[in-house]
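Novice: Structure: target_14.txt, compact mmCIF, N, CA and C atoms.
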# COMPACT_ATOMS: atom_id res chain seq x y z
N MET L 292 3.83 -16.56 -15.83
CA MET L 292 4.95 -15.65 -15.99
C MET L 292 6.22 -16.35 -15.51
N VAL L 293 7.25 -16.31 -16.31
CA VAL L 293 8.52 -16.95 -15.98
C VAL L 293 9.52 -15.87 -15.63
N PHE L 294 10.14 -16.02 -14.47
CA PHE L 294 11.17 -15.07 -14.07
C PHE L 294 12.49 -15.50 -14.69
N GLN L 295 13.17 -14.56 -15.31
CA GLN L 295 14.45 -14.83 -15.94
C GLN L 295 15.51 -14.00 -15.24
N ALA L 296 16.53 -14.65 -14.68
CA ALA L 296 17.56 -13.96 -13.90
C ALA L 296 18.56 -13.20 -14.77
N THR L 297 18.71 -13.59 -16.00
CA THR L 297 19.65 -12.91 -16.89
C THR L 297 18.96 -12.59 -18.21
N ILE L 298 19.56 -11.71 -18.94
CA ILE L 298 19.04 -11.35 -20.26
C ILE L 298 20.22 -11.37 -21.23
N SER L 299 20.00 -11.96 -22.37
CA SER L 299 21.07 -12.09 -23.36
C SER L 299 21.28 -10.78 -24.10
N ASN L 300 22.41 -10.67 -24.78
CA ASN L 300 22.68 -9.49 -25.61
C ASN L 300 21.63 -9.34 -26.71
N GLU L 301 21.19 -10.46 -27.27
CA GLU L 301 20.18 -10.43 -28.33
C GLU L 301 18.85 -9.91 -27.78
N GLN L 302 18.48 -10.35 -26.57
CA GLN L 302 17.24 -9.88 -25.96
C GLN L 302 17.33 -8.39 -25.64
N THR L 303 18.48 -7.95 -25.17
CA THR L 303 18.68 -6.54 -24.87
C THR L 303 18.55 -5.71 -26.15
N ALA L 304 19.14 -6.17 -27.23
CA ALA L 304 19.10 -5.44 -28.50
C ALA L 304 17.68 -5.34 -29.05
N ALA L 305 16.82 -6.31 -28.72
CA ALA L 305 15.45 -6.32 -29.23
C ALA L 305 14.52 -5.39 -28.44
N LEU L 306 14.96 -4.90 -27.30
CA LEU L 306 14.12 -4.03 -26.48
C LEU L 306 13.97 -2.64 -27.11
N ASN L 307 12.83 -2.03 -26.88
CA ASN L 307 12.63 -0.65 -27.32
C ASN L 307 13.52 0.26 -26.49
N SER L 308 14.08 1.27 -27.12
CA SER L 308 14.89 2.22 -26.37
C SER L 308 13.97 3.27 -25.75
N ALA L 309 14.44 3.84 -24.66
CA ALA L 309 13.67 4.88 -23.98
C ALA L 309 14.39 6.21 -24.13
N HIS L 310 13.62 7.27 -24.06
CA HIS L 310 14.19 8.61 -24.18
C HIS L 310 13.51 9.50 -23.15
N PHE L 311 14.29 10.24 -22.40
CA PHE L 311 13.75 11.14 -21.38
C PHE L 311 13.74 12.56 -21.93
N ASP L 312 12.56 13.15 -22.03
CA ASP L 312 12.43 14.50 -22.60
C ASP L 312 12.37 15.59 -21.53
N GLY L 313 12.48 15.19 -20.27
CA GLY L 313 12.36 16.16 -19.18
C GLY L 313 13.64 16.94 -18.94
N GLU L 314 13.58 17.75 -17.89
CA GLU L 314 14.73 18.56 -17.49
C GLU L 314 15.73 17.70 -16.72
N ILE L 315 17.00 17.92 -16.96
CA ILE L 315 18.06 17.24 -16.22
C ILE L 315 18.81 18.28 -15.41
N VAL L 316 18.87 18.06 -14.09
CA VAL L 316 19.50 18.99 -13.17
C VAL L 316 20.70 18.31 -12.53
N VAL L 317 21.88 18.84 -12.74
CA VAL L 317 23.10 18.31 -12.13
C VAL L 317 23.29 19.02 -10.79
N VAL L 318 23.36 18.23 -9.71
CA VAL L 318 23.48 18.77 -8.36
C VAL L 318 24.93 18.57 -7.91
N GLU L 319 25.67 19.68 -7.82
CA GLU L 319 27.07 19.63 -7.47
C GLU L 319 27.41 20.49 -6.26
N ARG L 320 26.39 21.16 -5.70
CA ARG L 320 26.63 22.04 -4.55
C ARG L 320 25.70 21.66 -3.41
N ASP L 321 26.21 21.66 -2.19
CA ASP L 321 25.43 21.29 -1.02
C ASP L 321 24.16 22.13 -0.89
N GLU L 322 24.23 23.41 -1.25
CA GLU L 322 23.07 24.28 -1.08
C GLU L 322 21.91 23.94 -2.03
N GLN L 323 22.14 23.10 -3.03
CA GLN L 323 21.08 22.67 -3.94
C GLN L 323 20.22 21.55 -3.34
N ILE L 324 20.77 20.81 -2.42
CA ILE L 324 20.12 19.60 -1.90
C ILE L 324 18.76 19.90 -1.27
N LYS L 325 18.65 20.98 -0.50
CA LYS L 325 17.40 21.30 0.18
C LYS L 325 16.25 21.42 -0.82
N ASP L 326 16.46 22.15 -1.91
CA ASP L 326 15.41 22.32 -2.93
C ASP L 326 15.10 21.01 -3.63
N VAL L 327 16.12 20.22 -3.92
CA VAL L 327 15.92 18.92 -4.57
C VAL L 327 15.06 18.02 -3.69
N CYS L 328 15.40 17.92 -2.42
CA CYS L 328 14.64 17.07 -1.49
C CYS L 328 13.20 17.56 -1.33
N ARG L 329 13.01 18.87 -1.30
CA ARG L 329 11.66 19.42 -1.21
C ARG L 329 10.84 19.02 -2.44
N ASP L 330 11.42 19.17 -3.63
CA ASP L 330 10.71 18.82 -4.86
C ASP L 330 10.39 17.33 -4.92
N LEU L 331 11.35 16.51 -4.57
CA LEU L 331 11.15 15.06 -4.65
C LEU L 331 10.20 14.54 -3.57
N SER L 332 10.17 15.19 -2.42
CA SER L 332 9.29 14.76 -1.32
C SER L 332 7.82 14.93 -1.68
N ALA L 333 7.52 15.76 -2.64
CA ALA L 333 6.14 15.98 -3.06
C ALA L 333 5.64 14.88 -4.01
N GLN L 334 6.51 13.96 -4.38
CA GLN L 334 6.17 12.92 -5.35
C GLN L 334 5.72 11.64 -4.65
N LYS L 335 4.88 10.87 -5.33
CA LYS L 335 4.49 9.54 -4.83
C LYS L 335 5.43 8.46 -5.37
N ILE L 336 6.00 8.72 -6.55
CA ILE L 336 6.90 7.76 -7.19
C ILE L 336 8.10 8.52 -7.73
N ILE L 337 9.30 8.00 -7.47
CA ILE L 337 10.50 8.54 -8.08
C ILE L 337 11.36 7.39 -8.60
N GLY L 338 12.04 7.65 -9.69
CA GLY L 338 12.99 6.68 -10.22
C GLY L 338 14.31 6.81 -9.48
N PHE L 339 15.05 5.71 -9.40
CA PHE L 339 16.27 5.68 -8.61
C PHE L 339 17.33 4.86 -9.33
N ASP L 340 18.53 5.39 -9.40
CA ASP L 340 19.66 4.66 -9.97
C ASP L 340 20.93 5.21 -9.34
N THR L 341 21.98 4.42 -9.35
CA THR L 341 23.27 4.87 -8.83
C THR L 341 24.37 4.53 -9.82
N GLU L 342 25.45 5.25 -9.69
CA GLU L 342 26.65 4.98 -10.49
C GLU L 342 27.83 4.88 -9.54
N THR L 343 28.64 3.87 -9.76
CA THR L 343 29.82 3.63 -8.93
C THR L 343 30.98 3.27 -9.85
N ARG L 344 32.15 3.80 -9.55
CA ARG L 344 33.32 3.46 -10.35
C ARG L 344 33.56 1.95 -10.25
N PRO L 345 33.77 1.28 -11.37
CA PRO L 345 33.98 -0.17 -11.32
C PRO L 345 35.32 -0.53 -10.70
N SER L 346 35.36 -1.72 -10.16
CA SER L 346 36.61 -2.25 -9.62
C SER L 346 36.86 -3.60 -10.28
N PHE L 347 38.07 -3.80 -10.67
CA PHE L 347 38.40 -5.05 -11.35
C PHE L 347 39.31 -5.93 -10.50
N LYS L 348 39.36 -5.60 -9.20
CA LYS L 348 40.16 -6.40 -8.27
C LYS L 348 39.25 -6.95 -7.18
N LYS L 349 39.40 -8.22 -6.89
CA LYS L 349 38.60 -8.86 -5.86
C LYS L 349 38.79 -8.15 -4.52
N GLY L 350 37.66 -7.85 -3.86
CA GLY L 350 37.70 -7.23 -2.55
C GLY L 350 37.81 -5.71 -2.57
N VAL L 351 37.98 -5.11 -3.74
CA VAL L 351 38.10 -3.66 -3.84
C VAL L 351 36.73 -3.09 -4.22
N HIS L 352 36.23 -2.18 -3.41
CA HIS L 352 34.93 -1.56 -3.64
C HIS L 352 35.08 -0.05 -3.61
N HIS L 353 34.23 0.64 -4.34
CA HIS L 353 34.25 2.10 -4.38
C HIS L 353 32.91 2.63 -3.90
N ASP L 354 32.91 3.83 -3.35
CA ASP L 354 31.68 4.47 -2.91
C ASP L 354 30.84 4.88 -4.11
N VAL L 355 29.54 4.99 -3.87
CA VAL L 355 28.63 5.50 -4.90
C VAL L 355 29.03 6.94 -5.21
N SER L 356 29.20 7.25 -6.47
CA SER L 356 29.62 8.60 -6.84
C SER L 356 28.47 9.46 -7.35
N LEU L 357 27.37 8.84 -7.78
CA LEU L 357 26.25 9.59 -8.30
C LEU L 357 24.95 8.87 -7.99
N ILE L 358 23.95 9.63 -7.53
CA ILE L 358 22.59 9.10 -7.37
C ILE L 358 21.72 9.85 -8.37
N GLN L 359 20.94 9.10 -9.12
CA GLN L 359 20.00 9.68 -10.06
C GLN L 359 18.61 9.47 -9.50
N LEU L 360 17.90 10.56 -9.23
CA LEU L 360 16.52 10.51 -8.74
C LEU L 360 15.67 11.26 -9.74
N SER L 361 14.58 10.63 -10.20
CA SER L 361 13.82 11.23 -11.28
C SER L 361 12.32 11.18 -11.04
N THR L 362 11.66 12.28 -11.40
CA THR L 362 10.21 12.33 -11.48
C THR L 362 9.86 12.10 -12.95
N ALA L 363 8.59 12.25 -13.27
CA ALA L 363 8.19 12.08 -14.67
C ALA L 363 8.76 13.17 -15.57
N ASP L 364 9.08 14.34 -14.98
CA ASP L 364 9.54 15.43 -15.83
C ASP L 364 10.87 16.06 -15.44
N THR L 365 11.48 15.62 -14.33
CA THR L 365 12.78 16.17 -13.92
C THR L 365 13.67 15.06 -13.38
N CYS L 366 14.91 15.06 -13.84
CA CYS L 366 15.89 14.08 -13.36
C CYS L 366 17.00 14.84 -12.63
N PHE L 367 17.25 14.45 -11.39
CA PHE L 367 18.30 15.07 -10.59
C PHE L 367 19.50 14.13 -10.53
N LEU L 368 20.64 14.60 -11.00
CA LEU L 368 21.88 13.84 -10.94
C LEU L 368 22.69 14.40 -9.78
N ILE L 369 22.68 13.70 -8.66
CA ILE L 369 23.32 14.18 -7.44
C ILE L 369 24.72 13.57 -7.37
N ARG L 370 25.72 14.42 -7.52
CA ARG L 370 27.11 13.98 -7.57
C ARG L 370 27.66 13.87 -6.15
N LEU L 371 27.56 12.68 -5.60
CA LEU L 371 28.00 12.45 -4.22
C LEU L 371 29.50 12.58 -4.05
N ASN L 372 30.22 12.57 -5.15
CA ASN L 372 31.66 12.81 -5.06
C ASN L 372 31.96 14.30 -4.91
N ARG L 373 30.90 15.15 -5.01
CA ARG L 373 31.07 16.59 -4.86
C ARG L 373 30.25 17.19 -3.71
N VAL L 374 29.15 16.53 -3.34
CA VAL L 374 28.31 17.04 -2.25
C VAL L 374 28.26 16.01 -1.13
N LYS L 375 27.89 16.47 0.04
CA LYS L 375 27.75 15.57 1.18
C LYS L 375 26.44 14.79 1.06
N MET L 376 26.36 13.68 1.79
CA MET L 376 25.12 12.91 1.86
C MET L 376 24.36 13.43 3.08
N PRO L 377 23.50 14.44 2.90
CA PRO L 377 22.84 15.07 4.03
C PRO L 377 21.69 14.22 4.58
N ASP L 378 21.31 14.52 5.81
CA ASP L 378 20.20 13.81 6.45
C ASP L 378 18.92 13.96 5.64
N SER L 379 18.71 15.11 5.01
CA SER L 379 17.49 15.33 4.23
C SER L 379 17.39 14.35 3.06
N LEU L 380 18.51 14.03 2.44
CA LEU L 380 18.51 13.06 1.34
C LEU L 380 18.31 11.65 1.87
N ILE L 381 18.90 11.33 2.98
CA ILE L 381 18.70 10.02 3.60
C ILE L 381 17.23 9.84 3.98
N SER L 382 16.62 10.87 4.57
CA SER L 382 15.20 10.81 4.94
C SER L 382 14.32 10.61 3.71
N LEU L 383 14.66 11.29 2.63
CA LEU L 383 13.90 11.12 1.39
C LEU L 383 13.97 9.67 0.90
N LEU L 384 15.16 9.10 0.90
CA LEU L 384 15.33 7.73 0.42
C LEU L 384 14.66 6.71 1.34
N GLU L 385 14.50 7.04 2.61
CA GLU L 385 13.85 6.14 3.58
C GLU L 385 12.34 6.34 3.64
N ASN L 386 11.81 7.36 2.98
CA ASN L 386 10.40 7.69 3.07
C ASN L 386 9.55 6.58 2.46
N LYS L 387 8.75 5.91 3.28
CA LYS L 387 7.94 4.78 2.83
C LYS L 387 6.71 5.22 2.03
N ASN L 388 6.42 6.53 2.01
CA ASN L 388 5.29 7.04 1.25
C ASN L 388 5.65 7.35 -0.20
N ILE L 389 6.91 7.23 -0.53
CA ILE L 389 7.35 7.46 -1.92
C ILE L 389 7.68 6.11 -2.52
Using the file provided, produce a representation of the structure as structure tokens.
Specialist:
Amino acid sequence: MVFQATISNEQTAALNSAHFDGEIVVVERDEQIKDVCRDLSAQKIIGFDTETRPSFKKGVHHDVSLIQLSTADTCFLIRLNRVKMPDSLISLLENKNI
């Protein structure tokens, strides 16, 4: 197996596309976080992605504005630009059993 650090546009275009048929839940209120963390804590595997506003100036960085956490059937879009980063979410992300 050869590890490749980059992928060309042609290689990307040749990949199969994926489609998520599950429920998508947008989390924009602090009071939603408790239920989200409870649901995700019951999982052994969750998908993880983040979105951050790009910066085109050297040395300028922006905070993560969205965390996407997904099970096989539900995707939670947690808008960190609208909700706080609570301890329960930090504990979930640090959980070594997931």
Novice: Extract, using all atoms listed in the file, all DNA, RNA and protein residues at most 6 Å from stretch 326-338 of chain L, discarding same-chain residues fewer than 5 positions from it, and format them as a ChimeraX atom specification.
Specialist: /L:359-362,379,388-389
Novice: Do you know which residues are at most 7 Å from L:Val374 counting all atoms listed in the file, after dropping those on the same chain fewer than 6 positions away, and could you put them as a list in words?
Specialist: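 Close residues of L:Val374: Val318, Glu319, Arg320 and Asp321 of chain L.
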Novice: For atom N of L:Ala304 and atom CA of L:His352, determine how far apart the two atoms are, in Å to one decimal place.
Specialist: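 Going from atom N of L:Ala304 over to atom CA of L:His352, I get 28.8 Å.
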Novice: Pick out the residues sitting within 10 Å of L:Leu357, and hand them over as a short mmCIF file (atom, residue, chain, number, x, y, z; two decimals) with N, CA and C atoms, in the coordinates of the input; count only C-alpha atoms, and ignore anything fewer than 4 positions along from it in its own chain.
Specialist:
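Final file, result_34.cif:
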data_model
loop_
_atom_site.label_atom_id
_atom_site.label_comp_id
_atom_site.auth_asym_id
_atom_site.auth_seq_id
_atom_site.Cartn_x
_atom_site.Cartn_y
_atom_site.Cartn_z
N VAL L 318 23.36 18.23 -9.71
CA VAL L 318 23.48 18.77 -8.36
C VAL L 318 24.93 18.57 -7.91
N ASP L 340 18.53 5.39 -9.40
CA ASP L 340 19.66 4.66 -9.97
C ASP L 340 20.93 5.21 -9.34
N THR L 341 21.98 4.42 -9.35
CA THR L 341 23.27 4.87 -8.83
C THR L 341 24.37 4.53 -9.82
N GLU L 342 25.45 5.25 -9.69
CA GLU L 342 26.65 4.98 -10.49
C GLU L 342 27.83 4.88 -9.54
N THR L 343 28.64 3.87 -9.76
CA THR L 343 29.82 3.63 -8.93
C THR L 343 30.98 3.27 -9.85
N ARG L 344 32.15 3.80 -9.55
CA ARG L 344 33.32 3.46 -10.35
C ARG L 344 33.56 1.95 -10.25
N PHE L 367 17.25 14.45 -11.39
CA PHE L 367 18.30 15.07 -10.59
C PHE L 367 19.50 14.13 -10.53
N LEU L 368 20.64 14.60 -11.00
CA LEU L 368 21.88 13.84 -10.94
C LEU L 368 22.69 14.40 -9.78
N ILE L 369 22.68 13.70 -8.66
CA ILE L 369 23.32 14.18 -7.44
C ILE L 369 24.72 13.57 -7.37
N ARG L 370 25.72 14.42 -7.52
CA ARG L 370 27.11 13.98 -7.57
C ARG L 370 27.66 13.87 -6.15
N LEU L 371 27.56 12.68 -5.60
CA LEU L 371 28.00 12.45 -4.22
C LEU L 371 29.50 12.58 -4.05
N ASN L 372 30.22 12.57 -5.15
CA ASN L 372 31.66 12.81 -5.06
C ASN L 372 31.96 14.30 -4.91
N ARG L 373 30.90 15.15 -5.01
CA ARG L 373 31.07 16.59 -4.86
C ARG L 373 30.25 17.19 -3.71
N VAL L 374 29.15 16.53 -3.34
CA VAL L 374 28.31 17.04 -2.25
C VAL L 374 28.26 16.01 -1.13
#
Novice: Identify all residues of chain L in strand (DSSP E or B) (DSSP on the backbone) and supply them as JSON, numbers by chain.
Specialist: {"L": [314, 315, 316, 317, 318, 338, 339, 340, 341, 342, 343, 355, 356, 357, 358, 359, 360, 361, 365, 366, 367, 368, 369, 370]}
Novice: Selection from above, N, CA and C atoms, as a compact mmCIF listing (two decimals), keeping the file's coordinate frame, can you write it?
Specialist:
# COMPACT_ATOMS: atom_id res chain seq x y z
N GLU L 314 13.58 17.75 -17.89
CA GLU L 314 14.73 18.56 -17.49
C GLU L 314 15.73 17.70 -16.72
N ILE L 315 17.00 17.92 -16.96
CA ILE L 315 18.06 17.24 -16.22
C ILE L 315 18.81 18.28 -15.41
N VAL L 316 18.87 18.06 -14.09
CA VAL L 316 19.50 18.99 -13.17
C VAL L 316 20.70 18.31 -12.53
N VAL L 317 21.88 18.84 -12.74
CA VAL L 317 23.10 18.31 -12.13
C VAL L 317 23.29 19.02 -10.79
N VAL L 318 23.36 18.23 -9.71
CA VAL L 318 23.48 18.77 -8.36
C VAL L 318 24.93 18.57 -7.91
N GLY L 338 12.04 7.65 -9.69
CA GLY L 338 12.99 6.68 -10.22
C GLY L 338 14.31 6.81 -9.48
N PHE L 339 15.05 5.71 -9.40
CA PHE L 339 16.27 5.68 -8.61
C PHE L 339 17.33 4.86 -9.33
N ASP L 340 18.53 5.39 -9.40
CA ASP L 340 19.66 4.66 -9.97
C ASP L 340 20.93 5.21 -9.34
N THR L 341 21.98 4.42 -9.35
CA THR L 341 23.27 4.87 -8.83
C THR L 341 24.37 4.53 -9.82
N GLU L 342 25.45 5.25 -9.69
CA GLU L 342 26.65 4.98 -10.49
C GLU L 342 27.83 4.88 -9.54
N THR L 343 28.64 3.87 -9.76
CA THR L 343 29.82 3.63 -8.93
C THR L 343 30.98 3.27 -9.85
N VAL L 355 29.54 4.99 -3.87
CA VAL L 355 28.63 5.50 -4.90
C VAL L 355 29.03 6.94 -5.21
N SER L 356 29.20 7.25 -6.47
CA SER L 356 29.62 8.60 -6.84
C SER L 356 28.47 9.46 -7.35
N LEU L 357 27.37 8.84 -7.78
CA LEU L 357 26.25 9.59 -8.30
C LEU L 357 24.95 8.87 -7.99
N ILE L 358 23.95 9.63 -7.53
CA ILE L 358 22.59 9.10 -7.37
C ILE L 358 21.72 9.85 -8.37
N GLN L 359 20.94 9.10 -9.12
CA GLN L 359 20.00 9.68 -10.06
C GLN L 359 18.61 9.47 -9.50
N LEU L 360 17.90 10.56 -9.23
CA LEU L 360 16.52 10.51 -8.74
C LEU L 360 15.67 11.26 -9.74
N SER L 361 14.58 10.63 -10.20
CA SER L 361 13.82 11.23 -11.28
C SER L 361 12.32 11.18 -11.04
N THR L 365 11.48 15.62 -14.33
CA THR L 365 12.78 16.17 -13.92
C THR L 365 13.67 15.06 -13.38
N CYS L 366 14.91 15.06 -13.84
CA CYS L 366 15.89 14.08 -13.36
C CYS L 366 17.00 14.84 -12.63
N PHE L 367 17.25 14.45 -11.39
CA PHE L 367 18.30 15.07 -10.59
C PHE L 367 19.50 14.13 -10.53
N LEU L 368 20.64 14.60 -11.00
CA LEU L 368 21.88 13.84 -10.94
C LEU L 368 22.69 14.40 -9.78
N ILE L 369 22.68 13.70 -8.66
CA ILE L 369 23.32 14.18 -7.44
C ILE L 369 24.72 13.57 -7.37
N ARG L 370 25.72 14.42 -7.52
CA ARG L 370 27.11 13.98 -7.57
C ARG L 370 27.66 13.87 -6.15
Novice: Please measure the separation of atom CA of L:Pro377 and atom CA of L:Ser346, giving the value in Å to one decimal.
Specialist: 26.0 Å
Novice: Can you patch up stretch 349-373 of chain L, filling it in to N, CA, C and O atoms, and show the result as a CSV table (one decimal), in the coordinates of the input?
Specialist:
chain,number,residue,atom,x,y,z
L,349,LYS,N,39.4,-8.2,-6.9
L,349,LYS,CA,38.6,-8.9,-5.9
L,349,LYS,C,38.8,-8.2,-4.5
L,349,LYS,O,39.9,-7.8,-4.1
L,350,GLY,N,37.7,-7.8,-3.9
L,350,GLY,CA,37.7,-7.2,-2.6
L,350,GLY,C,37.8,-5.7,-2.6
L,350,GLY,O,37.7,-5.1,-1.5
L,351,VAL,N,38.0,-5.1,-3.7
L,351,VAL,CA,38.1,-3.7,-3.8
L,351,VAL,C,36.7,-3.1,-4.2
L,351,VAL,O,36.1,-3.5,-5.2
L,352,HIS,N,36.2,-2.2,-3.4
L,352,HIS,CA,34.9,-1.6,-3.6
L,352,HIS,C,35.1,0.0,-3.6
L,352,HIS,O,35.9,0.5,-2.9
L,353,HIS,N,34.2,0.6,-4.3
L,353,HIS,CA,34.2,2.1,-4.4
L,353,HIS,C,32.9,2.6,-3.9
L,353,HIS,O,31.9,2.0,-4.1
L,354,ASP,N,32.9,3.8,-3.4
L,354,ASP,CA,31.7,4.5,-2.9
L,354,ASP,C,30.8,4.9,-4.1
L,354,ASP,O,31.3,5.1,-5.2
L,355,VAL,N,29.5,5.0,-3.9
L,355,VAL,CA,28.6,5.5,-4.9
L,355,VAL,C,29.0,6.9,-5.2
L,355,VAL,O,29.2,7.7,-4.3
L,356,SER,N,29.2,7.2,-6.5
L,356,SER,CA,29.6,8.6,-6.8
L,356,SER,C,28.5,9.5,-7.4
L,356,SER,O,28.6,10.7,-7.3
L,357,LEU,N,27.4,8.8,-7.8
L,357,LEU,CA,26.2,9.6,-8.3
L,357,LEU,C,25.0,8.9,-8.0
L,357,LEU,O,24.9,7.6,-8.1
L,358,ILE,N,24.0,9.6,-7.5
L,358,ILE,CA,22.6,9.1,-7.4
L,358,ILE,C,21.7,9.8,-8.4
L,358,ILE,O,21.8,11.1,-8.4
L,359,GLN,N,20.9,9.1,-9.1
L,359,GLN,CA,20.0,9.7,-10.1
L,359,GLN,C,18.6,9.5,-9.5
L,359,GLN,O,18.2,8.3,-9.3
L,360,LEU,N,17.9,10.6,-9.2
L,360,LEU,CA,16.5,10.5,-8.7
L,360,LEU,C,15.7,11.3,-9.7
L,360,LEU,O,16.0,12.4,-10.1
L,361,SER,N,14.6,10.6,-10.2
L,361,SER,CA,13.8,11.2,-11.3
L,361,SER,C,12.3,11.2,-11.0
L,361,SER,O,11.8,10.2,-10.6
L,362,THR,N,11.7,12.3,-11.4
L,362,THR,CA,10.2,12.3,-11.5
L,362,THR,C,9.9,12.1,-13.0
L,362,THR,O,10.7,11.9,-13.8
L,363,ALA,N,8.6,12.2,-13.3
L,363,ALA,CA,8.2,12.1,-14.7
L,363,ALA,C,8.8,13.2,-15.6
L,363,ALA,O,9.0,13.0,-16.8
L,364,ASP,N,9.1,14.3,-15.0
L,364,ASP,CA,9.5,15.4,-15.8
L,364,ASP,C,10.9,16.1,-15.4
L,364,ASP,O,11.4,16.9,-16.1
L,365,THR,N,11.5,15.6,-14.3
L,365,THR,CA,12.8,16.2,-13.9
L,365,THR,C,13.7,15.1,-13.4
L,365,THR,O,13.2,14.3,-12.6
L,366,CYS,N,14.9,15.1,-13.8
L,366,CYS,CA,15.9,14.1,-13.4
L,366,CYS,C,17.0,14.8,-12.6
L,366,CYS,O,17.6,15.8,-13.2
L,367,PHE,N,17.2,14.4,-11.4
L,367,PHE,CA,18.3,15.1,-10.6
L,367,PHE,C,19.5,14.1,-10.5
L,367,PHE,O,19.4,13.0,-10.1
L,368,LEU,N,20.6,14.6,-11.0
L,368,LEU,CA,21.9,13.8,-10.9
L,368,LEU,C,22.7,14.4,-9.8
L,368,LEU,O,23.3,15.5,-9.9
L,369,ILE,N,22.7,13.7,-8.7
L,369,ILE,CA,23.3,14.2,-7.4
L,369,ILE,C,24.7,13.6,-7.4
L,369,ILE,O,24.9,12.4,-7.2
L,370,ARG,N,25.7,14.4,-7.5
L,370,ARG,CA,27.1,14.0,-7.6
L,370,ARG,C,27.7,13.9,-6.2
L,370,ARG,O,28.2,14.8,-5.6
L,371,LEU,N,27.6,12.7,-5.6
L,371,LEU,CA,28.0,12.4,-4.2
L,371,LEU,C,29.5,12.6,-4.0
L,371,LEU,O,30.0,12.7,-2.9
L,372,ASN,N,30.2,12.6,-5.2
L,372,ASN,CA,31.7,12.8,-5.1
L,372,ASN,C,32.0,14.3,-4.9
L,372,ASN,O,33.1,14.7,-4.7
L,373,ARG,N,30.9,15.2,-5.0
L,373,ARG,CA,31.1,16.6,-4.9
L,373,ARG,C,30.2,17.2,-3.7
L,373,ARG,O,30.6,18.3,-3.2
